[in-house]
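What's in entry20.txt: compact mmCIF, C-alpha atoms and all ligand atoms
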```
# COMPACT_ATOMS: atom_id res chain seq x y z
CA VAL U 1 13.04 -26.04 -23.26
CA LYS U 2 16.43 -26.61 -21.70
CA TYR U 3 15.07 -27.50 -18.27
CA LEU U 4 12.02 -29.49 -17.30
CA PRO U 5 9.86 -27.61 -14.77
CA GLN U 6 9.86 -30.65 -12.48
CA GLU U 7 13.69 -30.62 -12.40
CA LEU U 8 13.66 -27.00 -11.19
CA ILE U 9 10.94 -27.73 -8.63
CA LEU U 10 13.09 -30.56 -7.25
CA ILE U 11 16.17 -28.32 -7.01
CA LYS U 12 14.23 -25.72 -5.03
CA ARG U 13 12.46 -28.35 -2.94
CA SER U 14 15.83 -29.69 -1.83
CA GLY U 15 16.93 -26.18 -0.80
CA LYS U 16 19.51 -25.66 -3.54
CA ALA U 17 19.83 -22.52 -5.61
CA LEU U 18 18.81 -22.14 -9.24
CA THR U 19 21.13 -20.48 -11.76
CA HIS U 20 20.32 -17.17 -13.52
CA ASP U 21 19.63 -19.07 -16.67
CA GLN U 22 17.25 -21.50 -15.01
CA ILE U 23 15.24 -18.74 -13.32
CA GLN U 24 14.96 -16.71 -16.47
CA GLU U 25 13.89 -19.63 -18.61
CA PHE U 26 11.39 -20.91 -16.02
CA LEU U 27 9.69 -17.53 -15.60
CA GLU U 28 9.61 -16.77 -19.32
CA ALA U 29 8.11 -20.18 -20.01
CA TYR U 30 5.49 -19.60 -17.31
CA LEU U 31 4.54 -16.23 -18.79
CA SER U 32 4.08 -17.76 -22.22
CA GLY U 33 2.02 -20.65 -20.85
CA LEU U 34 4.65 -23.40 -21.29
CA VAL U 35 4.86 -24.02 -17.54
CA GLU U 36 1.55 -25.14 -16.05
CA GLU U 37 -0.11 -23.33 -13.13
CA TYR U 38 0.20 -26.50 -11.00
CA GLN U 39 3.94 -26.61 -11.64
CA MET U 40 4.39 -22.97 -10.67
CA SER U 41 2.21 -23.60 -7.57
CA ALA U 42 4.53 -26.38 -6.45
CA PHE U 43 7.56 -24.21 -7.14
CA LEU U 44 6.16 -21.28 -5.15
CA MET U 45 5.44 -23.56 -2.20
CA ALA U 46 9.06 -24.76 -2.35
CA VAL U 47 10.18 -21.10 -2.30
CA PHE U 48 7.87 -20.47 0.65
CA PHE U 49 9.67 -23.14 2.68
CA ARG U 50 13.21 -22.89 1.29
CA GLY U 51 13.52 -19.21 0.34
CA PHE U 52 15.78 -17.68 -2.30
CA SER U 53 19.48 -16.90 -2.11
CA ALA U 54 20.41 -13.23 -2.66
CA GLU U 55 21.37 -14.00 -6.26
CA GLU U 56 18.18 -15.91 -6.94
CA LEU U 57 16.07 -13.11 -5.47
CA THR U 58 17.79 -10.51 -7.65
CA GLN U 59 17.45 -12.61 -10.79
CA TRP U 60 13.83 -13.56 -10.09
CA THR U 61 12.92 -9.86 -9.65
CA GLN U 62 14.98 -8.82 -12.67
CA THR U 63 13.15 -11.28 -14.92
CA MET U 64 9.80 -10.06 -13.61
CA VAL U 65 10.81 -6.58 -14.78
CA SER U 66 12.51 -7.42 -18.06
CA THR U 67 9.53 -9.41 -19.36
CA GLY U 68 7.41 -6.23 -19.31
CA GLU U 69 7.50 -2.55 -20.25
CA ARG U 70 9.24 0.12 -18.17
CA LEU U 71 8.50 3.80 -17.75
CA GLY U 72 10.76 6.09 -19.69
CA ILE U 73 10.98 8.98 -17.21
CA CYS U 74 14.73 9.15 -16.82
CA THR U 75 15.21 12.20 -14.56
CA THR U 76 17.40 11.83 -11.48
CA THR U 77 14.48 12.98 -9.34
CA CYS U 78 12.04 10.28 -10.50
CA ILE U 79 11.03 8.61 -7.25
CA ASP U 80 8.10 6.90 -5.57
CA LYS U 81 6.77 5.96 -2.15
CA HIS U 82 5.38 2.52 -1.43
CA SER U 83 3.54 1.16 1.57
CA THR U 84 3.16 -2.54 2.27
CA GLY U 85 -0.52 -1.95 3.05
CA GLY U 86 -2.79 -1.49 5.99
CA VAL U 87 -6.05 0.02 7.20
CA GLY U 88 -6.76 3.74 6.81
CA ASP U 89 -3.43 4.45 5.07
CA LYS U 90 -4.07 7.42 2.82
CA THR U 91 -0.63 9.06 2.94
CA SER U 92 -0.05 8.67 -0.84
CA PHE U 93 -2.68 11.32 -1.59
CA LEU U 94 -0.73 13.87 0.44
CA ILE U 95 2.81 12.77 -0.28
CA ALA U 96 2.70 12.69 -4.09
CA PRO U 97 1.60 16.33 -4.57
CA ILE U 98 3.89 17.54 -1.77
CA ALA U 99 6.91 15.84 -3.37
CA ALA U 100 5.91 17.10 -6.82
CA VAL U 101 5.73 20.75 -5.76
CA CYS U 102 9.16 20.29 -4.15
CA GLY U 103 10.64 19.22 -7.50
CA CYS U 104 10.29 15.42 -7.68
CA GLN U 105 8.75 13.42 -10.54
CA VAL U 106 6.41 10.91 -8.93
CA PRO U 107 4.67 8.17 -10.90
CA MET U 108 2.66 7.17 -7.81
CA LEU U 109 1.66 3.69 -8.92
CA SER U 110 -0.57 2.01 -6.37
CA GLY U 111 -2.64 -1.12 -5.98
CA ARG U 112 -6.18 -2.29 -5.26
CA ALA U 113 -7.85 -3.29 -2.00
CA LEU U 114 -7.52 -6.97 -1.20
CA GLY U 115 -8.22 -8.89 1.99
CA HIS U 116 -8.54 -6.52 4.94
CA THR U 117 -6.40 -3.75 3.44
CA GLY U 118 -7.42 -0.73 1.39
CA GLY U 119 -6.11 0.22 -2.05
CA THR U 120 -5.17 3.70 -3.20
CA LEU U 121 -6.52 3.08 -6.72
CA ASP U 122 -9.97 2.25 -5.39
CA LYS U 123 -9.98 5.32 -3.13
CA LEU U 124 -8.98 7.43 -6.10
CA GLU U 125 -11.85 6.11 -8.22
CA ALA U 126 -14.24 7.10 -5.42
CA ILE U 127 -13.71 10.69 -6.61
CA PRO U 128 -16.37 11.10 -9.35
CA GLY U 129 -14.95 11.02 -12.87
CA VAL U 130 -11.36 10.02 -12.08
CA ARG U 131 -9.62 7.93 -14.72
CA ILE U 132 -6.51 5.88 -14.14
CA PRO U 133 -3.96 6.03 -16.98
CA ASP U 134 -3.87 2.62 -18.65
CA SER U 135 -0.68 2.93 -20.65
CA VAL U 136 2.96 3.71 -20.01
CA GLU U 137 2.65 6.75 -22.30
CA GLY U 138 -0.38 8.00 -20.35
CA ILE U 139 1.56 7.85 -17.07
CA GLU U 140 4.65 9.49 -18.60
CA LYS U 141 2.61 12.37 -20.06
CA LEU U 142 0.91 13.16 -16.75
CA VAL U 143 4.17 13.02 -14.79
CA GLU U 144 6.03 15.14 -17.35
CA LYS U 145 3.28 17.79 -17.34
CA HIS U 146 2.25 17.87 -13.68
CA GLY U 147 5.15 16.32 -11.73
CA PHE U 148 3.11 13.35 -10.60
CA CYS U 149 0.13 11.15 -11.37
CA PHE U 150 -1.99 8.62 -9.57
CA GLY U 151 -1.80 5.38 -11.49
CA GLY U 152 -1.35 1.66 -11.29
CA THR U 153 1.04 -0.75 -12.96
CA THR U 154 -0.40 -1.13 -16.45
CA ARG U 155 -1.10 -4.49 -18.09
CA SER U 156 2.26 -4.37 -19.82
CA MET U 157 4.37 -3.53 -16.72
CA ALA U 158 5.62 -6.49 -14.64
CA PRO U 159 3.02 -8.83 -16.19
CA LEU U 160 4.50 -11.78 -14.32
CA ASP U 161 3.59 -10.19 -11.01
CA LYS U 162 -0.11 -10.17 -11.91
CA LYS U 163 -0.01 -13.84 -12.86
CA LEU U 164 2.09 -14.89 -9.89
CA TYR U 165 0.13 -12.80 -7.37
CA ALA U 166 -3.19 -14.31 -8.48
CA LEU U 167 -1.70 -17.79 -8.15
CA ARG U 168 -0.10 -17.06 -4.76
CA ASP U 169 -3.42 -15.73 -3.52
CA VAL U 170 -5.09 -19.13 -3.98
CA THR U 171 -2.18 -21.42 -3.09
CA GLY U 172 -1.20 -20.22 0.39
CA THR U 173 2.02 -18.63 -0.85
CA ILE U 174 1.40 -14.91 -0.31
CA GLU U 175 3.29 -14.72 3.00
CA SER U 176 6.79 -15.43 1.74
CA THR U 177 9.12 -12.47 2.30
CA ASP U 178 11.08 -13.37 -0.86
CA LEU U 179 7.92 -13.42 -2.96
CA ILE U 180 6.53 -10.25 -1.37
CA ALA U 181 9.84 -8.38 -1.82
CA SER U 182 10.18 -9.44 -5.46
CA SER U 183 6.51 -8.63 -6.16
CA ILE U 184 6.78 -5.11 -4.73
CA MET U 185 10.17 -4.38 -6.24
CA SER U 186 9.32 -5.70 -9.72
CA LYS U 187 6.63 -3.03 -9.94
CA LYS U 188 8.92 -0.33 -8.55
CA LEU U 189 11.78 -1.28 -10.91
CA ALA U 190 9.33 -1.14 -13.83
CA GLU U 191 8.82 2.52 -12.91
CA ASN U 192 12.51 3.10 -13.64
CA LEU U 193 12.95 4.94 -10.35
CA LYS U 194 16.11 6.55 -9.06
CA GLY U 195 14.90 6.50 -5.48
CA LEU U 196 12.25 4.82 -3.37
CA VAL U 197 10.76 5.55 0.03
CA MET U 198 9.29 2.47 1.70
CA ASP U 199 6.74 2.44 4.49
CA ILE U 200 6.86 -1.07 5.90
CA LYS U 201 3.81 -1.53 8.07
CA VAL U 202 3.91 -3.72 11.13
CA GLY U 203 1.21 -4.84 13.55
CA ASP U 204 -2.20 -6.45 13.66
CA GLY U 205 -3.52 -4.55 10.61
CA ALA U 206 -0.43 -5.21 8.44
CA PHE U 207 0.83 -8.24 6.53
CA MET U 208 3.95 -8.20 8.71
CA LYS U 209 2.76 -8.89 12.25
CA THR U 210 6.09 -8.52 14.09
CA PRO U 211 9.05 -6.13 13.80
CA GLU U 212 11.26 -9.15 13.02
CA GLN U 213 9.15 -10.02 9.97
CA ALA U 214 9.19 -6.37 8.89
CA ARG U 215 13.01 -6.23 9.23
CA ASN U 216 13.33 -9.42 7.27
CA LEU U 217 11.27 -7.93 4.42
CA LEU U 218 13.29 -4.73 4.63
CA GLU U 219 16.56 -6.67 4.21
CA LYS U 220 15.28 -8.31 1.03
CA ILE U 221 14.03 -4.99 -0.36
CA GLN U 222 17.37 -3.35 0.47
CA MET U 223 19.17 -6.14 -1.35
CA ILE U 224 17.10 -5.68 -4.52
CA ALA U 225 17.34 -1.87 -4.35
CA LYS U 226 21.12 -2.01 -3.94
CA SER U 227 21.70 -4.33 -6.88
CA ASN U 228 19.58 -2.01 -9.04
CA ARG U 229 21.24 1.19 -7.76
CA ILE U 230 18.01 2.60 -6.35
CA ARG U 231 18.45 4.94 -3.39
CA LEU U 232 16.24 3.63 -0.59
CA LYS U 233 14.97 5.23 2.60
CA GLY U 234 11.92 4.73 4.73
CA VAL U 235 10.38 3.62 7.96
CA ILE U 236 8.91 0.63 9.68
CA SER U 237 5.66 2.12 11.01
CA ASP U 238 2.87 1.09 13.31
CA MET U 239 -0.27 -0.58 11.96
CA SER U 240 -1.64 -1.90 15.25
CA GLN U 241 -4.52 0.55 14.75
CA PRO U 242 -5.91 2.33 11.68
CA LEU U 243 -3.92 5.33 10.47
CA GLY U 244 -6.04 8.45 10.89
CA HIS U 245 -9.67 8.27 11.97
CA TYR U 246 -11.37 7.28 8.73
CA LEU U 247 -11.48 4.11 6.68
CA GLY U 248 -13.33 3.22 3.48
CA LEU U 249 -13.03 4.80 0.04
CA ARG U 250 -14.91 8.10 0.23
CA PRO U 251 -14.49 8.57 3.99
CA GLU U 252 -10.71 8.39 3.44
CA ILE U 253 -10.92 11.02 0.70
CA TYR U 254 -12.79 13.19 3.25
CA GLU U 255 -9.85 12.79 5.64
CA VAL U 256 -7.38 13.63 2.87
CA LEU U 257 -9.27 16.89 2.25
CA MET U 258 -9.10 17.62 6.00
CA ALA U 259 -5.37 16.83 5.99
CA PHE U 260 -4.76 19.40 3.25
CA GLN U 261 -6.26 21.90 5.69
CA ASN U 262 -4.01 20.49 8.45
CA LYS U 263 -7.11 19.32 10.31
CA ALA U 264 -6.43 15.58 10.32
CA GLU U 265 -5.11 13.27 13.04
CA SER U 266 -1.56 14.17 14.07
CA ARG U 267 -0.20 10.65 13.41
CA LEU U 268 -1.43 10.78 9.81
CA MET U 269 0.12 14.23 9.34
CA GLU U 270 3.38 13.23 11.02
CA LEU U 271 3.87 10.09 8.95
CA SER U 272 2.95 11.82 5.67
CA LEU U 273 5.43 14.64 6.31
CA GLU U 274 8.21 12.27 7.34
CA LEU U 275 7.76 10.11 4.23
CA ALA U 276 7.55 13.18 1.98
CA SER U 277 10.78 14.54 3.53
CA LYS U 278 12.52 11.27 2.83
CA MET U 279 11.44 11.57 -0.81
CA LEU U 280 13.37 14.83 -1.13
CA LEU U 281 16.40 13.08 0.35
CA VAL U 282 16.32 10.09 -2.00
CA ALA U 283 15.72 12.48 -4.92
CA GLY U 284 18.92 14.29 -3.91
CA LEU U 285 16.99 17.58 -3.65
CA GLU U 286 17.91 18.03 0.03
CA GLN U 287 20.83 16.71 2.02
CA ASP U 288 19.48 16.78 5.53
CA GLU U 289 16.20 15.75 7.05
CA SER U 290 15.39 18.99 8.85
CA ALA U 291 15.81 21.11 5.71
CA ALA U 292 13.62 18.62 3.82
CA LYS U 293 10.97 18.82 6.57
CA VAL U 294 10.84 22.62 6.34
CA LYS U 295 10.34 22.37 2.58
CA VAL U 296 7.56 19.77 2.71
CA GLU U 297 5.75 21.54 5.54
CA SER U 298 5.76 24.74 3.55
CA ALA U 299 4.43 22.91 0.47
CA LEU U 300 1.52 21.63 2.54
CA MET U 301 0.76 24.67 4.71
CA SER U 302 0.96 27.16 1.84
CA GLY U 303 -1.78 25.28 -0.03
CA ARG U 304 0.54 24.61 -3.01
CA ALA U 305 0.31 20.84 -2.49
CA TYR U 306 -3.49 21.03 -2.44
CA GLN U 307 -3.50 23.07 -5.65
CA LYS U 308 -1.26 20.47 -7.27
CA PHE U 309 -3.52 17.68 -6.01
CA CYS U 310 -6.56 19.40 -7.60
CA GLU U 311 -4.63 20.02 -10.83
CA VAL U 312 -3.79 16.32 -11.23
CA ILE U 313 -7.21 15.02 -10.16
CA GLU U 314 -8.76 17.35 -12.77
CA ALA U 315 -6.24 16.25 -15.41
CA GLN U 316 -7.31 12.66 -14.68
CA GLY U 317 -10.97 13.55 -15.22
CA GLY U 318 -11.98 14.01 -11.56
CA ASP U 319 -14.75 16.41 -10.54
CA ILE U 320 -12.89 18.73 -8.15
CA SER U 321 -16.05 20.74 -7.42
CA THR U 322 -16.89 17.86 -5.01
CA PHE U 323 -13.95 19.03 -2.86
CA GLU U 324 -15.79 22.29 -2.10
CA ASN U 325 -18.21 20.32 0.05
CA PRO U 326 -16.13 17.62 1.79
CA GLU U 327 -19.26 16.29 3.53
CA PHE U 328 -20.15 14.77 0.13
CA TYR U 329 -17.52 12.13 0.95
CA LEU U 330 -19.32 11.18 4.18
CA SER U 331 -22.79 10.74 2.73
CA SER U 332 -24.12 7.22 3.06
CA LYS U 333 -27.59 5.74 3.53
CA HIS U 334 -27.10 4.85 7.20
CA HIS U 335 -24.85 6.21 9.92
CA PHE U 336 -24.53 3.59 12.60
CA GLU U 337 -22.74 3.96 15.95
CA ILE U 338 -20.99 1.33 18.00
CA LEU U 339 -21.12 2.55 21.61
CA SER U 340 -18.67 1.71 24.33
CA PRO U 341 -20.06 -0.90 26.73
CA ARG U 342 -17.97 0.47 29.62
CA SER U 343 -15.69 3.26 30.78
CA GLY U 344 -11.92 2.85 30.70
CA TYR U 345 -9.05 3.11 28.25
CA ILE U 346 -8.71 1.59 24.79
CA SER U 347 -5.97 -1.03 25.13
CA ARG U 348 -6.14 -2.77 21.73
CA ILE U 349 -7.88 -2.48 18.37
CA SER U 350 -8.23 -5.61 16.24
CA THR U 351 -7.34 -3.75 13.09
CA GLU U 352 -7.25 -6.71 10.73
CA LYS U 353 -10.70 -7.80 11.91
CA LEU U 354 -12.01 -4.25 11.55
CA GLY U 355 -10.72 -4.25 7.97
CA TYR U 356 -12.39 -7.60 7.24
CA VAL U 357 -15.75 -6.56 8.75
CA PHE U 358 -15.82 -3.34 6.70
CA SER U 359 -14.73 -5.26 3.66
CA ALA U 360 -17.74 -7.57 4.20
CA LEU U 361 -19.96 -4.48 4.59
CA GLY U 362 -18.91 -3.30 1.13
CA ALA U 363 -15.73 -1.24 1.71
CA GLY U 364 -13.41 -3.92 0.33
CA ARG U 365 -13.38 -7.02 -1.81
CA LYS U 366 -12.97 -10.75 -1.32
CA ASN U 367 -12.02 -11.37 -4.92
CA ILE U 368 -10.31 -9.01 -7.30
CA SER U 369 -13.49 -8.92 -9.48
CA ASP U 370 -15.79 -7.76 -6.60
CA THR U 371 -17.07 -4.16 -6.68
CA ILE U 372 -16.68 -1.86 -3.71
CA ILE U 373 -19.37 0.52 -2.42
CA PRO U 374 -17.49 3.84 -2.24
CA GLN U 375 -19.72 5.35 0.47
CA VAL U 376 -19.09 2.54 2.96
CA GLY U 377 -16.55 3.10 5.70
CA ALA U 378 -16.15 4.37 9.22
CA LYS U 379 -14.89 7.01 11.56
CA VAL U 380 -12.89 5.35 14.32
CA SER U 381 -13.32 7.86 17.14
CA LYS U 382 -11.25 6.13 19.79
CA LYS U 383 -7.66 5.01 19.35
CA ILE U 384 -5.26 3.09 21.59
CA GLY U 385 -4.61 4.95 24.86
CA ASP U 386 -7.75 7.13 24.61
CA SER U 387 -10.13 7.29 27.56
CA VAL U 388 -13.74 6.38 26.93
CA VAL U 389 -16.95 6.75 28.93
CA ALA U 390 -19.68 4.08 28.79
CA GLY U 391 -22.14 4.94 25.99
CA GLU U 392 -19.67 7.08 24.00
CA PRO U 393 -19.24 6.13 20.33
CA LEU U 394 -16.17 4.03 19.56
CA LEU U 395 -16.91 4.03 15.88
CA THR U 396 -19.44 5.49 13.44
CA GLY U 397 -20.13 3.33 10.41
CA PHE U 398 -21.15 4.89 7.07
CA LEU U 399 -23.18 2.07 5.65
CA ALA U 400 -25.40 0.92 2.80
CA GLU U 401 -27.47 -1.19 5.21
CA ILE U 402 -27.82 -1.70 8.97
CA PRO U 403 -25.29 -4.38 9.92
CA SER U 404 -26.50 -7.76 11.17
CA GLN U 405 -26.32 -8.50 14.91
CA ILE U 406 -23.32 -10.72 14.22
CA LEU U 407 -21.41 -7.95 12.42
CA GLN U 408 -22.39 -5.44 15.14
CA SER U 409 -20.98 -7.65 17.86
CA GLN U 410 -17.88 -8.33 15.75
CA LEU U 411 -17.34 -4.58 15.41
CA ALA U 412 -17.79 -3.99 19.14
CA GLY U 413 -15.38 -6.86 19.75
CA CYS U 414 -12.64 -5.07 17.77
CA PHE U 415 -12.10 -2.70 20.71
CA GLU U 416 -10.53 -3.92 23.96
CA ILE U 417 -11.11 -1.62 26.92
CA GLY U 418 -9.13 -1.88 30.14
CA ASP U 419 -8.96 -0.05 33.47
CA VAL U 420 -5.37 1.07 33.09
CA LYS U 421 -4.22 3.78 30.69
CA VAL U 422 -1.84 2.40 28.09
CA SER U 423 0.34 4.65 25.97
CA ALA U 424 -0.29 5.00 22.26
CA PRO U 425 2.08 2.77 20.23
CA GLU U 426 5.14 4.47 18.73
CA LEU U 427 4.23 5.63 15.22
CA VAL U 428 7.69 5.07 13.73
CA ILE U 429 9.38 1.89 14.95
CA GLU U 430 12.51 2.19 12.85
CA ARG U 431 14.01 4.57 10.30
CA PHE U 432 16.38 3.59 7.49
N1 LIG M 1 2.11 -6.20 -1.97
C1 LIG M 1 2.58 -6.54 -3.20
O1 LIG M 1 2.68 -5.74 -4.09
N2 LIG M 1 2.94 -7.83 -3.39
C2 LIG M 1 2.85 -8.77 -2.41
O2 LIG M 1 3.21 -9.89 -2.66
C3 LIG M 1 2.36 -8.38 -1.14
C4 LIG M 1 2.00 -7.07 -0.94
```

Would you mind writing the file's structure down as structure tokens?
Ligand code: URA
Amino acid sequence: VKYLPQELILIKRSGKALTHDQIQEFLEAYLSGLVEEYQMSAFLMAVFFRGFSAEELTQWTQTMVSTGERLGICTTTCIDKHSTGGVGDKTSFLIAPIAAVCGCQVPMLSGRALGHTGGTLDKLEAIPGVRIPDSVEGIEKLVEKHGFCFGGTTRSMAPLDKKLYALRDVTGTIESTDLIASSIMSKKLAENLKGLVMDIKVGDGAFMKTPEQARNLLEKIQMIAKSNRIRLKGVISDMSQPLGHYLGLRPEIYEVLMAFQNKAESRLMELSLELASKMLLVAGLEQDESAAKVKVESALMSGRAYQKFCEVIEAQGGDISTFENPEFYLSSKHHFEILSPRSGYISRISTEKLGYVFSALGAGRKNISDTIIPQVGAKVSKKIGDSVVAGEPLLTGFLAEIPSQILQSQLAGCFEIGDVKVSAPELVIERF
């Protein structure tokens, strides 16, 4: 090796920038096991405190991509949507088929639930029979034939991200905007996209708690997108309360089925349609937002998006006869209500805590190897700004067991109720 790992750690620790060559060699050596986990841990902590320069960030991300396989879908309309994660976010299930029927190629590659947030791949597997393509060729075939697929980054795509993410998770280095931006973008660049729509979540239930943090992440993502000539659009959107009314794997699929009938919460519909419209813009299929909106609304309302959704779920092995009885997705051993202790208005929902409590009840995982109980989840009946009468349900839990007194009081404590009506938070905080 040309450089000793400890030399590079010292450079970063002192706040100086590494050269292209140094970054590439360091990451390649780490991937092949020549740099120890403890050395990479120290380096990541230095990055957490010192950050990357624009050049370092680009090179770091580039090496994460070039050390793995990339998709070979080379059409100009190959695009994706990515959300930074939250609670109750099920927009991908609507957006991918809508964009596909409008002419985009969408390798919708998503992640797993971790911490308090849900994962699209887990929700997908809650549909009986669904298989997730495990190779680049498998993804390409589905997208070429159907216009989209629901997948995840395969073992061979951005392999460094898997290694680095697992290490960051146990070394207190997840919350670095440079490392988050490079992690997200390495997976998106491995898809060989021409355009990307980002939904950067902000608020209590998101990783980014303030609009400033969200803007900071956006800047880094814009920088990486620009240097890779990827057209980028998107929103910074509210995650101070769950999106939609349902959370948990199967309960969220239930809400998706309702959304295809235009019977879901208006915020969920609004955000899905806005993100889908932006996909047509980044794909170059429409030039202005209102024309794109008309097209995506028609794809949804005509039932064509739902047909496409069923076509792809079936192609991936899913039993679409379960969609004929959506209540199947709400069946759990126990239904348990949390009632409002008083009358008033919902002023705040501790969304992160809600996510953690349901994760503990079986709807999420603490470690990546944990299994999730697909039936577990909730209907959140009251959202911020809603009026509530004492004794009305705030939330109905779909559970495998009756929650302990501690969990019950934690759930009740997720809702703050005041005397004064507050307005619902703005859904879209910023558009770009
Ligand atoms: N999502 C990712 O893909 N990577 C991160 O580092 C954080 C969120």

>> Please return as JSON, numbers by chain the residues found within 10 Å of ligand LIG 1 (chain M), counting only C-alpha atoms and all ligand atoms.
In response: {"U": [82, 83, 84, 85, 110, 111, 112, 114, 161, 162, 164, 165, 166, 168, 169, 173, 174, 175, 176, 177, 178, 179, 180, 181, 182, 183, 184, 185, 186, 187, 188, 206, 207, 208]}

>> My list of candidates is U:Cys104, U:Gln405, U:Leu395, U:Ile98. Which is closest to Leu273 of chain U when distances are computed with all atoms listed in the file?
In response: U:Ile98

>> So that I can check the surroundings of Leu249 of chain U, please list as a ChimeraX atom specification every protein, DNA and RNA residue that reaches within 12 Å of it, counting all atoms listed in the file and ignoring chain neighbours fewer than 4 positions away.
In response: /U:87-90,112-113,117-128,253-256,329-332,358-359,362-365,371-379,398-399

Only C-alpha atoms, please: the residues just picked out, written as a PDB file, in the coordinates of the input.
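Printed below is selection-v5.pdb as written:
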```
ATOM      1  CA  VAL U  87      -6.050   0.020   7.200  1.00  0.00           C
ATOM      2  CA  GLY U  88      -6.760   3.740   6.810  1.00  0.00           C
ATOM      3  CA  ASP U  89      -3.430   4.450   5.070  1.00  0.00           C
ATOM      4  CA  LYS U  90      -4.070   7.420   2.820  1.00  0.00           C
ATOM      5  CA  ARG U 112      -6.180  -2.290  -5.260  1.00  0.00           C
ATOM      6  CA  ALA U 113      -7.850  -3.290  -2.000  1.00  0.00           C
ATOM      7  CA  THR U 117      -6.400  -3.750   3.440  1.00  0.00           C
ATOM      8  CA  GLY U 118      -7.420  -0.730   1.390  1.00  0.00           C
ATOM      9  CA  GLY U 119      -6.110   0.220  -2.050  1.00  0.00           C
ATOM     10  CA  THR U 120      -5.170   3.700  -3.200  1.00  0.00           C
ATOM     11  CA  LEU U 121      -6.520   3.080  -6.720  1.00  0.00           C
ATOM     12  CA  ASP U 122      -9.970   2.250  -5.390  1.00  0.00           C
ATOM     13  CA  LYS U 123      -9.980   5.320  -3.130  1.00  0.00           C
ATOM     14  CA  LEU U 124      -8.980   7.430  -6.100  1.00  0.00           C
ATOM     15  CA  GLU U 125     -11.850   6.110  -8.220  1.00  0.00           C
ATOM     16  CA  ALA U 126     -14.240   7.100  -5.420  1.00  0.00           C
ATOM     17  CA  ILE U 127     -13.710  10.690  -6.610  1.00  0.00           C
ATOM     18  CA  PRO U 128     -16.370  11.100  -9.350  1.00  0.00           C
ATOM     19  CA  ILE U 253     -10.920  11.020   0.700  1.00  0.00           C
ATOM     20  CA  TYR U 254     -12.790  13.190   3.250  1.00  0.00           C
ATOM     21  CA  GLU U 255      -9.850  12.790   5.640  1.00  0.00           C
ATOM     22  CA  VAL U 256      -7.380  13.630   2.870  1.00  0.00           C
ATOM     23  CA  TYR U 329     -17.520  12.130   0.950  1.00  0.00           C
ATOM     24  CA  LEU U 330     -19.320  11.180   4.180  1.00  0.00           C
ATOM     25  CA  SER U 331     -22.790  10.740   2.730  1.00  0.00           C
ATOM     26  CA  SER U 332     -24.120   7.220   3.060  1.00  0.00           C
ATOM     27  CA  PHE U 358     -15.820  -3.340   6.700  1.00  0.00           C
ATOM     28  CA  SER U 359     -14.730  -5.260   3.660  1.00  0.00           C
ATOM     29  CA  GLY U 362     -18.910  -3.300   1.130  1.00  0.00           C
ATOM     30  CA  ALA U 363     -15.730  -1.240   1.710  1.00  0.00           C
ATOM     31  CA  GLY U 364     -13.410  -3.920   0.330  1.00  0.00           C
ATOM     32  CA  ARG U 365     -13.380  -7.020  -1.810  1.00  0.00           C
ATOM     33  CA  THR U 371     -17.070  -4.160  -6.680  1.00  0.00           C
ATOM     34  CA  ILE U 372     -16.680  -1.860  -3.710  1.00  0.00           C
ATOM     35  CA  ILE U 373     -19.370   0.520  -2.420  1.00  0.00           C
ATOM     36  CA  PRO U 374     -17.490   3.840  -2.240  1.00  0.00           C
ATOM     37  CA  GLN U 375     -19.720   5.350   0.470  1.00  0.00           C
ATOM     38  CA  VAL U 376     -19.090   2.540   2.960  1.00  0.00           C
ATOM     39  CA  GLY U 377     -16.550   3.100   5.700  1.00  0.00           C
ATOM     40  CA  ALA U 378     -16.150   4.370   9.220  1.00  0.00           C
ATOM     41  CA  LYS U 379     -14.890   7.010  11.560  1.00  0.00           C
ATOM     42  CA  PHE U 398     -21.150   4.890   7.070  1.00  0.00           C
ATOM     43  CA  LEU U 399     -23.180   2.070   5.650  1.00  0.00           C
TER      44      LEU U 399
END
```

>> What's around segment 37-48 of chain U at 10 Å? Count only C-alpha atoms, leave out sequence neighbours fewer than 2 positions away in its own chain, and write the answer as a PyMOL selection string.
In response: chain U and resi 5-6+8-15+26-27+30+33-35+50-52+163-164+167-168+170-179

Selected residues, C-alpha atoms, written as a compact mmCIF listing (two decimals), in the coordinates of the input, please.
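Result written to selection-v4.txt:
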```txt
# COMPACT_ATOMS: atom_id res chain seq x y z
CA PRO U 5 9.86 -27.61 -14.77
CA GLN U 6 9.86 -30.65 -12.48
CA LEU U 8 13.66 -27.00 -11.19
CA ILE U 9 10.94 -27.73 -8.63
CA LEU U 10 13.09 -30.56 -7.25
CA ILE U 11 16.17 -28.32 -7.01
CA LYS U 12 14.23 -25.72 -5.03
CA ARG U 13 12.46 -28.35 -2.94
CA SER U 14 15.83 -29.69 -1.83
CA GLY U 15 16.93 -26.18 -0.80
CA PHE U 26 11.39 -20.91 -16.02
CA LEU U 27 9.69 -17.53 -15.60
CA TYR U 30 5.49 -19.60 -17.31
CA GLY U 33 2.02 -20.65 -20.85
CA LEU U 34 4.65 -23.40 -21.29
CA VAL U 35 4.86 -24.02 -17.54
CA ARG U 50 13.21 -22.89 1.29
CA GLY U 51 13.52 -19.21 0.34
CA PHE U 52 15.78 -17.68 -2.30
CA LYS U 163 -0.01 -13.84 -12.86
CA LEU U 164 2.09 -14.89 -9.89
CA LEU U 167 -1.70 -17.79 -8.15
CA ARG U 168 -0.10 -17.06 -4.76
CA VAL U 170 -5.09 -19.13 -3.98
CA THR U 171 -2.18 -21.42 -3.09
CA GLY U 172 -1.20 -20.22 0.39
CA THR U 173 2.02 -18.63 -0.85
CA ILE U 174 1.40 -14.91 -0.31
CA GLU U 175 3.29 -14.72 3.00
CA SER U 176 6.79 -15.43 1.74
CA THR U 177 9.12 -12.47 2.30
CA ASP U 178 11.08 -13.37 -0.86
CA LEU U 179 7.92 -13.42 -2.96
```
